[in-house]
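Please read the structure below before turning to the comments.
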Amino acid sequence: MSGSARHRAKLALAAGLLVLPACDESGSGEPPAVRERSQAVAGSGTATGTGTAPHAPHGPSGVPARKLCVERPLGRAPEGRIEVASAVGAPALPTPIAFGVGKWVWLNLWAAWCGPCKEEMPRLRAWQRALERQGVRLTLAFVSVDDDEREMHRFLSSQPEGGVRSTYWLPEDKREKWLAPLGLGATPRLPAHALVSPKGEVACVIDGALEDADFAQFKALFTP
């Protein structure tokens with residue numbers, strides 16, 4: 001092969017290398033899959049959230065962030081006594097939930113059979129701590145809508161110190177009336193969230209799980 005032919009062959013090889021895809025850490029040669037938002041669908045799972053305050057929203061290029069709040073006329077917070085459930089040794093929760101006492105109340109509706117509900121719990125607790133450090137007076141109240149009380153208690157008992165070991169609970173016969181002010185009905189999609197203002201008004205209802213990318217928009221809900 002002449003010198004010029006060898007030179008052309010090297011150039012062709014270099015050009016070919018430039019179009020090869022980047023390898024992922026697994027060595028499969030395929031780009032990593034894009035993680036989609038957790039679906040608000042019943043399922044099994046364990047709490048796997050990072051438990052750290054998130055950064056500003058980001059997502060796939062060209063995909064706008066979802067609007068968190070469902071726009072509804074402001075109404076009063078739910079009324080009436082609500083049941084409580086706790087693991088052995090966990091402190092009991094005050095009941096009824098104190099609405100309209102100068103603090104925001106963040107209601108998280110969950111169930112022990114709901115995988116996305118359990119996955120997001122550490123994230124919600126981390127967000128509460130982050131917001132309180134920034135001066136937001138906020139109570140995070142977990143509200144179970146479990147039908148199987150034993151399954152709910154098994155979940156609470158399985159949680160470590162610092163996990164969700166106490167919860168409010170809506171048995172089926174109390175669910176529809178208590179949830180009516182939130183516009184959710186007796187069988188809401190889970191997880192679901194509602195923010196009650198310091199004046200006791202329902203300010204926002206969120207359908208589905210919250211992700212790290214939602215934090216900046218969620219934080220803005222508390223800004224006058």
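Chain identifiers are assigned as A, B, and so on, following the order in which chains appear in the structure tokens; residues are numbered from 1 within each chain, and ligands are numbered from 1 in order of appearance.
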
Close residues, region 193-205 of chain A itself excluded, 10 Å, only C-alpha atoms, min 4 positions apart in chain, as a PyMOL selection string: chain A and resi 68-78+98-110+137-143+181-184+209-210+221-222

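Counting only C-alpha atoms, Pro91 (chain A) has the following residues at most 12 Å away, ignoring those fewer than 4 positions along the same chain: Val84, Ala85, Ser86, Ala87, Glu161, Gly162, Val164, Arg165, Ser166 and Thr167 of chain A.
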
From A:Gln134, A:Gln217, A:Thr187, A:Thr95, residue lying nearest Tyr168 (chain A) [only C-alpha atoms]: A:Thr95

DSSP strand (DSSP E) residues within region 69-183 of chain A, as an MDAnalysis selection string: chainID A and resid 83:86 104:110 138:144 166:169

Take the residues from that selection and put them in a file with N, CA and C atoms, as a PDB file, in the first residue's frame.
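This is the output file again_35.pdb:
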ATOM      1  N   GLU A  83     -59.014   9.536  62.588  1.00  0.00           N
ATOM      2  CA  GLU A  83     -58.346   8.495  63.362  1.00  0.00           C
ATOM      3  C   GLU A  83     -56.826   8.645  63.261  1.00  0.00           C
ATOM      4  N   VAL A  84     -56.116   8.051  64.213  1.00  0.00           N
ATOM      5  CA  VAL A  84     -54.660   8.035  64.176  1.00  0.00           C
ATOM      6  C   VAL A  84     -54.181   6.597  64.355  1.00  0.00           C
ATOM      7  N   ALA A  85     -53.004   6.310  63.831  1.00  0.00           N
ATOM      8  CA  ALA A  85     -52.395   4.989  63.977  1.00  0.00           C
ATOM      9  C   ALA A  85     -50.903   5.184  64.163  1.00  0.00           C
ATOM     10  N   SER A  86     -50.303   4.375  65.040  1.00  0.00           N
ATOM     11  CA  SER A  86     -48.878   4.519  65.338  1.00  0.00           C
ATOM     12  C   SER A  86     -48.254   3.155  65.575  1.00  0.00           C
ATOM     13  N   TRP A 104     -49.076  26.590  57.624  1.00  0.00           N
ATOM     14  CA  TRP A 104     -49.492  25.773  56.504  1.00  0.00           C
ATOM     15  C   TRP A 104     -49.629  24.324  56.955  1.00  0.00           C
ATOM     16  N   VAL A 105     -50.598  23.614  56.400  1.00  0.00           N
ATOM     17  CA  VAL A 105     -50.727  22.180  56.639  1.00  0.00           C
ATOM     18  C   VAL A 105     -50.659  21.478  55.289  1.00  0.00           C
ATOM     19  N   TRP A 106     -49.719  20.580  55.172  1.00  0.00           N
ATOM     20  CA  TRP A 106     -49.501  19.813  53.950  1.00  0.00           C
ATOM     21  C   TRP A 106     -50.029  18.405  54.183  1.00  0.00           C
ATOM     22  N   LEU A 107     -51.128  18.073  53.534  1.00  0.00           N
ATOM     23  CA  LEU A 107     -51.736  16.748  53.648  1.00  0.00           C
ATOM     24  C   LEU A 107     -51.200  15.845  52.546  1.00  0.00           C
ATOM     25  N   ASN A 108     -50.716  14.690  52.925  1.00  0.00           N
ATOM     26  CA  ASN A 108     -50.282  13.689  51.957  1.00  0.00           C
ATOM     27  C   ASN A 108     -51.154  12.445  52.115  1.00  0.00           C
ATOM     28  N   LEU A 109     -51.943  12.143  51.095  1.00  0.00           N
ATOM     29  CA  LEU A 109     -52.802  10.960  51.117  1.00  0.00           C
ATOM     30  C   LEU A 109     -52.025   9.775  50.562  1.00  0.00           C
ATOM     31  N   TRP A 110     -51.991   8.691  51.329  1.00  0.00           N
ATOM     32  CA  TRP A 110     -51.182   7.543  50.966  1.00  0.00           C
ATOM     33  C   TRP A 110     -51.876   6.261  51.414  1.00  0.00           C
ATOM     34  N   LEU A 138     -44.729  25.084  58.609  1.00  0.00           N
ATOM     35  CA  LEU A 138     -45.372  24.030  57.844  1.00  0.00           C
ATOM     36  C   LEU A 138     -45.497  22.744  58.654  1.00  0.00           C
ATOM     37  N   THR A 139     -46.696  22.182  58.677  1.00  0.00           N
ATOM     38  CA  THR A 139     -46.944  20.868  59.265  1.00  0.00           C
ATOM     39  C   THR A 139     -47.203  19.880  58.144  1.00  0.00           C
ATOM     40  N   LEU A 140     -46.459  18.776  58.126  1.00  0.00           N
ATOM     41  CA  LEU A 140     -46.670  17.710  57.162  1.00  0.00           C
ATOM     42  C   LEU A 140     -47.478  16.605  57.829  1.00  0.00           C
ATOM     43  N   ALA A 141     -48.661  16.350  57.316  1.00  0.00           N
ATOM     44  CA  ALA A 141     -49.562  15.361  57.916  1.00  0.00           C
ATOM     45  C   ALA A 141     -49.818  14.236  56.917  1.00  0.00           C
ATOM     46  N   PHE A 142     -49.322  13.038  57.224  1.00  0.00           N
ATOM     47  CA  PHE A 142     -49.608  11.872  56.408  1.00  0.00           C
ATOM     48  C   PHE A 142     -50.995  11.350  56.772  1.00  0.00           C
ATOM     49  N   VAL A 143     -51.822  11.090  55.756  1.00  0.00           N
ATOM     50  CA  VAL A 143     -53.192  10.632  55.975  1.00  0.00           C
ATOM     51  C   VAL A 143     -53.400   9.347  55.170  1.00  0.00           C
ATOM     52  N   SER A 144     -53.520   8.225  55.863  1.00  0.00           N
ATOM     53  CA  SER A 144     -53.718   6.946  55.196  1.00  0.00           C
ATOM     54  C   SER A 144     -55.181   6.749  54.821  1.00  0.00           C
ATOM     55  N   SER A 166     -46.015   7.097  62.450  1.00  0.00           N
ATOM     56  CA  SER A 166     -47.346   7.527  62.896  1.00  0.00           C
ATOM     57  C   SER A 166     -48.057   8.178  61.718  1.00  0.00           C
ATOM     58  N   THR A 167     -49.357   8.000  61.654  1.00  0.00           N
ATOM     59  CA  THR A 167     -50.119   8.577  60.554  1.00  0.00           C
ATOM     60  C   THR A 167     -51.543   8.858  61.002  1.00  0.00           C
ATOM     61  N   TYR A 168     -52.171   9.796  60.318  1.00  0.00           N
ATOM     62  CA  TYR A 168     -53.616   9.929  60.432  1.00  0.00           C
ATOM     63  C   TYR A 168     -54.230   8.870  59.527  1.00  0.00           C
ATOM     64  N   TRP A 169     -55.474   8.504  59.817  1.00  0.00           N
ATOM     65  CA  TRP A 169     -56.101   7.410  59.077  1.00  0.00           C
ATOM     66  C   TRP A 169     -57.574   7.702  58.869  1.00  0.00           C
TER      67      TRP A 169
END

Atomic distance CA of Met121 (chain A) - CA of Glu211 (chain A), expressed in Å with one decimal: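 Distance between the two atoms: 10.8 Å.
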
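Among the candidates A:Ala90, A:Ala186, A:Val136, A:Leu179, the one nearest to Leu156 (chain A) when counting only C-alpha atoms is A:Ala90.
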
Selected residue of minimal separation from Pro116 (chain A) among A:Ala220, A:Met152, A:Ala192, A:Ala213, counting only C-alpha atoms: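 So, comparing all the options, the nearest one is A:Ala192.
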
From A:Ile82, A:Leu131, A:Leu93, A:Ala216, residue lying nearest Leu170 (chain A) [only C-alpha atoms]: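 Closest candidate: A:Ile82.
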
Distance criterion (only C-alpha atoms): nearest to Arg175 (chain A) out of A:Cys117, A:Leu190, A:Val145, A:Ala111: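 Among the listed residues, A:Val145 lies closest to Arg175 (chain A).
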
Interatomic distance (Å, one decimal) between CA of Gln128 (chain A) and CA of Ile206 (chain A):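 So the answer is 16.0 Å.
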
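With distances restricted to only C-alpha atoms, A:Arg189 is the closest residue to Asp207 (chain A) from A:Gly135, A:Glu120, A:Arg150, A:Arg189.
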